[in-house]
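Asker: This one is structure-v3.cif, mmCIF, N, CA and C atoms.
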```
data_model
loop_
_atom_site.label_atom_id
_atom_site.label_comp_id
_atom_site.auth_asym_id
_atom_site.auth_seq_id
_atom_site.Cartn_x
_atom_site.Cartn_y
_atom_site.Cartn_z
N MET A 1 119.26 107.50 112.40
CA MET A 1 118.42 106.53 111.71
C MET A 1 119.22 105.94 110.55
N THR A 2 119.11 104.65 110.33
CA THR A 2 119.81 103.99 109.24
C THR A 2 118.88 103.88 108.04
N ASP A 3 119.43 103.39 106.94
CA ASP A 3 118.64 103.20 105.74
C ASP A 3 117.97 101.83 105.71
N ALA A 4 118.12 101.04 106.76
CA ALA A 4 117.51 99.70 106.80
C ALA A 4 115.99 99.80 106.76
N ILE A 5 115.35 98.83 106.14
CA ILE A 5 113.90 98.80 106.05
C ILE A 5 113.38 97.63 106.90
N ALA A 6 112.44 97.93 107.78
CA ALA A 6 111.83 96.90 108.63
C ALA A 6 110.86 96.07 107.78
N PRO A 7 110.44 94.89 108.27
CA PRO A 7 109.51 94.06 107.51
C PRO A 7 108.21 94.78 107.15
N SER A 8 107.80 95.77 107.93
CA SER A 8 106.58 96.52 107.65
C SER A 8 106.73 97.45 106.46
N GLY A 9 107.96 97.66 105.99
CA GLY A 9 108.22 98.63 104.93
C GLY A 9 108.64 99.97 105.48
N LEU A 10 108.65 100.12 106.80
CA LEU A 10 109.09 101.36 107.43
C LEU A 10 110.60 101.31 107.64
N PRO A 11 111.28 102.45 107.53
CA PRO A 11 112.71 102.46 107.85
C PRO A 11 112.93 102.13 109.32
N ALA A 12 114.04 101.52 109.62
CA ALA A 12 114.40 101.23 111.01
C ALA A 12 114.65 102.53 111.75
N GLY A 13 114.46 102.52 113.05
CA GLY A 13 114.78 103.69 113.86
C GLY A 13 113.64 104.66 114.07
N LEU A 14 112.44 104.35 113.57
CA LEU A 14 111.29 105.23 113.78
C LEU A 14 110.59 104.87 115.09
N VAL A 15 109.88 105.84 115.65
CA VAL A 15 109.09 105.60 116.85
C VAL A 15 107.63 105.94 116.56
N ALA A 16 106.74 105.21 117.23
CA ALA A 16 105.30 105.47 117.06
C ALA A 16 104.99 106.87 117.56
N HIS A 17 104.16 107.56 116.79
CA HIS A 17 103.80 108.95 117.10
C HIS A 17 102.33 109.03 117.53
N ARG A 18 101.45 108.44 116.73
CA ARG A 18 100.02 108.40 117.08
C ARG A 18 99.30 107.40 116.19
N ARG A 19 98.04 107.11 116.54
CA ARG A 19 97.21 106.16 115.78
C ARG A 19 95.84 106.78 115.58
N THR A 20 95.27 106.55 114.40
CA THR A 20 93.91 107.01 114.13
C THR A 20 92.91 106.10 114.83
N PRO A 21 91.66 106.53 114.92
CA PRO A 21 90.61 105.58 115.31
C PRO A 21 90.48 104.51 114.23
N ILE A 22 89.74 103.46 114.51
CA ILE A 22 89.43 102.46 113.49
C ILE A 22 88.32 103.03 112.61
N PHE A 23 88.58 103.05 111.31
CA PHE A 23 87.59 103.52 110.34
C PHE A 23 86.95 102.33 109.66
N ASP A 24 85.71 102.51 109.20
CA ASP A 24 85.08 101.52 108.34
C ASP A 24 84.62 102.22 107.07
N GLN A 25 83.96 101.48 106.19
CA GLN A 25 83.56 102.04 104.89
C GLN A 25 82.65 103.26 105.04
N ASP A 26 81.96 103.39 106.17
CA ASP A 26 81.04 104.51 106.38
C ASP A 26 81.68 105.67 107.14
N THR A 27 82.78 105.42 107.83
CA THR A 27 83.38 106.47 108.66
C THR A 27 84.71 107.00 108.15
N ILE A 28 85.15 106.54 106.98
CA ILE A 28 86.40 107.06 106.41
C ILE A 28 86.23 108.55 106.18
N PRO A 29 87.09 109.39 106.77
CA PRO A 29 86.98 110.82 106.52
C PRO A 29 87.14 111.14 105.03
N ALA A 30 86.37 112.11 104.56
CA ALA A 30 86.43 112.50 103.14
C ALA A 30 87.85 112.84 102.71
N GLY A 31 88.62 113.43 103.62
CA GLY A 31 89.99 113.82 103.28
C GLY A 31 90.89 112.66 102.95
N LEU A 32 90.58 111.46 103.46
CA LEU A 32 91.40 110.29 103.13
C LEU A 32 91.04 109.72 101.77
N ARG A 33 89.85 110.02 101.29
CA ARG A 33 89.39 109.50 100.00
C ARG A 33 89.89 110.32 98.81
N ARG A 34 90.48 111.48 99.11
CA ARG A 34 91.05 112.30 98.04
C ARG A 34 92.53 112.52 98.34
N GLU A 35 93.23 113.11 97.40
CA GLU A 35 94.67 113.29 97.55
C GLU A 35 95.01 113.98 98.88
N HIS A 36 95.92 113.36 99.60
CA HIS A 36 96.46 113.93 100.83
C HIS A 36 97.85 113.35 101.04
N ARG A 37 98.55 113.80 102.05
CA ARG A 37 99.90 113.31 102.32
C ARG A 37 100.22 113.48 103.80
N THR A 38 101.20 112.72 104.27
CA THR A 38 101.67 112.89 105.64
C THR A 38 102.58 114.10 105.69
N ALA A 39 102.85 114.57 106.88
CA ALA A 39 103.74 115.71 107.07
C ALA A 39 105.19 115.31 106.77
N ALA A 40 106.03 116.30 106.59
CA ALA A 40 107.46 116.05 106.39
C ALA A 40 107.99 115.25 107.58
N GLY A 41 108.74 114.19 107.30
CA GLY A 41 109.34 113.38 108.35
C GLY A 41 108.42 112.38 109.01
N VAL A 42 107.16 112.33 108.60
CA VAL A 42 106.19 111.42 109.22
C VAL A 42 105.83 110.30 108.24
N TRP A 43 106.01 109.07 108.67
CA TRP A 43 105.63 107.88 107.91
C TRP A 43 104.28 107.38 108.41
N GLY A 44 103.49 106.80 107.54
CA GLY A 44 102.23 106.17 107.92
C GLY A 44 102.32 104.67 107.68
N LEU A 45 101.51 103.91 108.41
CA LEU A 45 101.41 102.47 108.20
C LEU A 45 99.94 102.11 108.31
N ILE A 46 99.33 101.76 107.17
CA ILE A 46 97.92 101.38 107.14
C ILE A 46 97.81 99.90 107.47
N THR A 47 96.93 99.59 108.42
CA THR A 47 96.66 98.20 108.80
C THR A 47 95.18 97.91 108.61
N VAL A 48 94.87 96.96 107.74
CA VAL A 48 93.48 96.55 107.50
C VAL A 48 93.16 95.41 108.46
N LEU A 49 92.07 95.57 109.21
CA LEU A 49 91.64 94.55 110.16
C LEU A 49 90.66 93.56 109.53
N GLU A 50 89.77 94.08 108.67
CA GLU A 50 88.78 93.26 107.98
C GLU A 50 88.51 93.87 106.62
N GLY A 51 88.23 93.03 105.64
CA GLY A 51 87.85 93.51 104.31
C GLY A 51 89.06 93.91 103.46
N ARG A 52 88.77 94.80 102.50
CA ARG A 52 89.80 95.23 101.54
C ARG A 52 89.74 96.74 101.37
N LEU A 53 90.92 97.35 101.20
CA LEU A 53 91.04 98.79 101.04
C LEU A 53 91.95 99.07 99.86
N ARG A 54 91.47 99.90 98.93
CA ARG A 54 92.30 100.29 97.79
C ARG A 54 93.16 101.47 98.21
N PHE A 55 94.47 101.31 98.06
CA PHE A 55 95.44 102.35 98.38
C PHE A 55 96.10 102.79 97.08
N ARG A 56 96.03 104.08 96.76
CA ARG A 56 96.61 104.60 95.53
C ARG A 56 97.65 105.66 95.83
N THR A 57 98.87 105.45 95.31
CA THR A 57 99.84 106.54 95.30
C THR A 57 99.58 107.31 94.01
N LEU A 58 99.79 108.62 94.06
CA LEU A 58 99.43 109.46 92.93
C LEU A 58 100.64 109.96 92.15
N ARG A 59 101.83 109.87 92.72
CA ARG A 59 103.07 110.23 92.03
C ARG A 59 104.17 109.33 92.51
N PRO A 60 104.45 108.22 91.86
CA PRO A 60 103.85 107.71 90.64
C PRO A 60 102.49 107.06 90.93
N VAL A 61 101.67 106.96 89.90
CA VAL A 61 100.35 106.35 90.07
C VAL A 61 100.51 104.84 90.19
N ARG A 62 99.99 104.30 91.31
CA ARG A 62 100.03 102.85 91.55
C ARG A 62 98.91 102.51 92.52
N GLU A 63 98.19 101.45 92.26
CA GLU A 63 97.12 101.02 93.16
C GLU A 63 97.44 99.64 93.71
N THR A 64 97.20 99.50 95.01
CA THR A 64 97.39 98.24 95.71
C THR A 64 96.15 97.97 96.54
N VAL A 65 95.66 96.74 96.51
CA VAL A 65 94.53 96.37 97.34
C VAL A 65 95.08 95.77 98.62
N LEU A 66 94.76 96.41 99.74
CA LEU A 66 95.23 95.95 101.04
C LEU A 66 94.18 95.07 101.70
N ALA A 67 94.64 94.08 102.42
CA ALA A 67 93.77 93.16 103.16
C ALA A 67 94.46 92.85 104.48
N PRO A 68 93.79 92.19 105.41
CA PRO A 68 94.46 91.82 106.66
C PRO A 68 95.76 91.07 106.37
N GLY A 69 96.81 91.44 107.07
CA GLY A 69 98.11 90.80 106.87
C GLY A 69 98.98 91.46 105.82
N THR A 70 98.47 92.52 105.16
CA THR A 70 99.27 93.22 104.14
C THR A 70 99.30 94.72 104.46
N PRO A 71 100.03 95.12 105.52
CA PRO A 71 100.09 96.54 105.83
C PRO A 71 100.82 97.31 104.73
N MET A 72 100.58 98.61 104.66
CA MET A 72 101.21 99.44 103.64
C MET A 72 101.89 100.63 104.30
N ALA A 73 103.19 100.76 104.06
CA ALA A 73 103.94 101.92 104.55
C ALA A 73 103.73 103.08 103.58
N ILE A 74 103.61 104.27 104.15
CA ILE A 74 103.43 105.49 103.36
C ILE A 74 104.59 106.43 103.69
N ALA A 75 105.38 106.77 102.69
CA ALA A 75 106.53 107.65 102.88
C ALA A 75 106.07 109.08 103.19
N PRO A 76 106.90 109.83 103.89
CA PRO A 76 106.54 111.22 104.18
C PRO A 76 106.23 112.00 102.90
N GLN A 77 105.16 112.73 102.94
CA GLN A 77 104.71 113.63 101.88
C GLN A 77 104.37 112.92 100.55
N GLN A 78 104.18 111.60 100.57
CA GLN A 78 103.79 110.85 99.37
C GLN A 78 102.31 111.09 99.10
N PRO A 79 101.95 111.72 97.97
CA PRO A 79 100.53 111.92 97.67
C PRO A 79 99.83 110.57 97.49
N HIS A 80 98.70 110.41 98.17
CA HIS A 80 97.98 109.14 98.11
C HIS A 80 96.52 109.36 98.48
N GLU A 81 95.71 108.31 98.28
CA GLU A 81 94.31 108.30 98.67
C GLU A 81 93.89 106.86 98.90
N VAL A 82 92.77 106.68 99.62
CA VAL A 82 92.25 105.34 99.86
C VAL A 82 90.77 105.31 99.49
N ASP A 83 90.30 104.09 99.22
CA ASP A 83 88.89 103.89 98.88
C ASP A 83 88.52 102.47 99.31
N PRO A 84 87.41 102.30 100.01
CA PRO A 84 87.04 100.95 100.43
C PRO A 84 86.64 100.09 99.23
N ASP A 85 86.93 98.81 99.33
CA ASP A 85 86.52 97.83 98.32
C ASP A 85 85.51 96.92 99.02
N GLY A 86 84.32 97.49 99.31
CA GLY A 86 83.32 96.78 100.10
C GLY A 86 83.51 97.10 101.57
N PRO A 87 82.89 96.30 102.44
CA PRO A 87 83.06 96.52 103.88
C PRO A 87 84.53 96.40 104.29
N VAL A 88 84.97 97.31 105.16
CA VAL A 88 86.37 97.33 105.57
C VAL A 88 86.49 97.96 106.96
N ARG A 89 87.52 97.55 107.70
CA ARG A 89 87.90 98.20 108.95
C ARG A 89 89.41 98.32 108.93
N PHE A 90 89.92 99.55 109.21
CA PHE A 90 91.36 99.78 109.18
C PHE A 90 91.73 100.95 110.08
N PHE A 91 93.02 101.08 110.35
CA PHE A 91 93.55 102.24 111.07
C PHE A 91 94.91 102.58 110.49
N VAL A 92 95.42 103.75 110.88
CA VAL A 92 96.73 104.20 110.42
C VAL A 92 97.57 104.56 111.64
N ASP A 93 98.78 104.00 111.69
CA ASP A 93 99.76 104.39 112.69
C ASP A 93 100.72 105.37 112.03
N PHE A 94 101.15 106.37 112.79
CA PHE A 94 102.11 107.35 112.28
C PHE A 94 103.40 107.23 113.08
N TYR A 95 104.52 107.32 112.36
CA TYR A 95 105.85 107.17 112.94
C TYR A 95 106.72 108.33 112.52
N ARG A 96 107.70 108.64 113.36
CA ARG A 96 108.69 109.67 113.03
C ARG A 96 110.02 109.26 113.64
N ALA A 97 111.07 109.96 113.25
CA ALA A 97 112.39 109.66 113.80
C ALA A 97 112.38 109.95 115.29
N ALA A 98 113.13 109.15 116.03
CA ALA A 98 113.25 109.38 117.47
C ALA A 98 113.90 110.73 117.70
N ASP A 99 113.44 111.44 118.71
CA ASP A 99 114.01 112.74 119.07
C ASP A 99 115.30 112.48 119.85
N PRO A 100 116.45 112.85 119.28
CA PRO A 100 117.72 112.57 119.98
C PRO A 100 117.77 113.22 121.36
N ALA A 101 117.14 114.37 121.54
CA ALA A 101 117.18 115.05 122.83
C ALA A 101 116.46 114.22 123.90
N SER A 102 115.33 113.59 123.53
CA SER A 102 114.59 112.81 124.54
C SER A 102 115.34 111.53 124.90
N SER A 103 116.06 110.92 123.95
CA SER A 103 116.80 109.72 124.28
C SER A 103 118.04 110.07 125.11
N GLU A 104 118.64 111.23 124.91
CA GLU A 104 119.76 111.69 125.72
C GLU A 104 119.30 111.96 127.15
N ALA A 105 118.09 112.56 127.30
CA ALA A 105 117.59 112.90 128.62
C ALA A 105 117.36 111.65 129.45
N GLY A 106 117.02 110.54 128.84
CA GLY A 106 116.76 109.31 129.56
C GLY A 106 118.02 108.60 130.04
N ARG A 107 119.19 109.12 129.71
CA ARG A 107 120.45 108.46 130.08
C ARG A 107 121.05 109.00 131.37
N ASP A 108 120.41 109.92 132.05
CA ASP A 108 120.97 110.50 133.30
C ASP A 108 121.02 109.50 134.41
#
```
Any chance you could put this one into structure tokens?
Answerer:
Amino acid sequence: MTDAIAPSGLPAGLVAHRRTPIFDQDTIPAGLRREHRTAAGVWGLITVLEGRLRFRTLRPVRETVLAPGTPMAIAPQQPHEVDPDGPVRFFVDFYRAADPASSEAGRD
């Protein structure tokens, strides 16, 4: 993996790992509304489909209001939380480094 940053804010060379369901202001899990973090080596990318979502990093403290067209990359193990700013619909994609063993296996 290189140190290049993709337009999404994610480093180049990551592969999609999984995606959450679409959450709205009523279905956001309580754990996302309080301090939490991604696992080591796992990046998140929040995509807002409708409305606005407050995204706060906790170390350092910074708040950004996300809206459609403004995805937010989350670094591995970055403490953060989210809070809806009115009605909202969003999901989170998770990415990790490509497994070198699986890419080698595909070259046979």
Asker: Out of A:Arg19, A:Arg33, A:Arg62, A:Arg96, which residue has the shortest atom-to-atom distance to Pro84 (chain A) when counting only C-alpha atoms?
Answerer: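 That would be A:Arg33, the residue with the smallest distance to Pro84 (chain A).
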Asker: Enumerate the residues of region 3-105 of chain A with a DSSP assignment of strand (DSSP E), computed from the backbone, and present them as JSON, numbers by chain.
Answerer: {"A": [14, 15, 16, 17, 18, 19, 23, 24, 42, 43, 44, 45, 46, 47, 48, 49, 50, 51, 52, 53, 54, 55, 56, 57, 58, 61, 62, 63, 64, 65, 66, 72, 73, 74, 80, 81, 82, 83, 84, 85, 86, 87, 88, 89, 90, 91, 92, 93, 94, 95, 96, 97]}
Asker: With distances taken over only C-alpha atoms, which residue among A:Leu58, A:Val92, A:Ala73, A:Ala97 lies nearest Arg18 (chain A)?
Answerer: A:Val92
Asker: Counting all atoms listed in the file, figure out which residue out of A:Thr20, A:Ser8, A:Thr27, A:Gln77 gets nearest to Val42 (chain A).
Answerer: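 Nearest candidate to Val42 (chain A) out of A:Thr20, A:Ser8, A:Thr27, A:Gln77: A:Gln77.
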Asker: Name every residue that the PyMOL selection byres ((chain A and resi 87) around 6) selects in this structure, writing the answer as a PDB file with N, CA and C atoms, in the frame of the given file with chains first and numbers rising.
Answerer:
```pdb
ATOM      1  N   GLN A  25      83.960 101.480 106.190  1.00  0.00           N
ATOM      2  CA  GLN A  25      83.560 102.040 104.890  1.00  0.00           C
ATOM      3  C   GLN A  25      82.650 103.260 105.040  1.00  0.00           C
ATOM      4  N   GLU A  50      89.770  94.080 108.670  1.00  0.00           N
ATOM      5  CA  GLU A  50      88.780  93.260 107.980  1.00  0.00           C
ATOM      6  C   GLU A  50      88.510  93.870 106.620  1.00  0.00           C
ATOM      7  N   GLY A  51      88.230  93.030 105.640  1.00  0.00           N
ATOM      8  CA  GLY A  51      87.850  93.510 104.310  1.00  0.00           C
ATOM      9  C   GLY A  51      89.060  93.910 103.460  1.00  0.00           C
ATOM     10  N   ARG A  52      88.770  94.800 102.500  1.00  0.00           N
ATOM     11  CA  ARG A  52      89.800  95.230 101.540  1.00  0.00           C
ATOM     12  C   ARG A  52      89.740  96.740 101.370  1.00  0.00           C
ATOM     13  N   ASP A  85      86.930  98.810  99.330  1.00  0.00           N
ATOM     14  CA  ASP A  85      86.520  97.830  98.320  1.00  0.00           C
ATOM     15  C   ASP A  85      85.510  96.920  99.020  1.00  0.00           C
ATOM     16  N   GLY A  86      84.320  97.490  99.310  1.00  0.00           N
ATOM     17  CA  GLY A  86      83.320  96.780 100.100  1.00  0.00           C
ATOM     18  C   GLY A  86      83.510  97.100 101.570  1.00  0.00           C
ATOM     19  N   VAL A  88      84.970  97.310 105.160  1.00  0.00           N
ATOM     20  CA  VAL A  88      86.370  97.330 105.570  1.00  0.00           C
ATOM     21  C   VAL A  88      86.490  97.960 106.960  1.00  0.00           C
ATOM     22  N   ARG A  89      87.520  97.550 107.700  1.00  0.00           N
ATOM     23  CA  ARG A  89      87.900  98.200 108.950  1.00  0.00           C
ATOM     24  C   ARG A  89      89.410  98.320 108.930  1.00  0.00           C
TER      25      ARG A  89
END
```
Asker: Hey, can you check how far CA of Ile74 (chain A) sits from atom N of Leu53 (chain A)?
Answerer: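 Straight-line distance from CA of Ile74 (chain A) to atom N of Leu53 (chain A) works out to 15.1 Å.
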Asker: Please indicate the distance in Å from CA of Thr38 (chain A) to atom C of Ala67 (chain A), rounded to one decimal place.
Answerer: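 Atom C of Ala67 (chain A) lies at a distance of 21.3 Å from CA of Thr38 (chain A).
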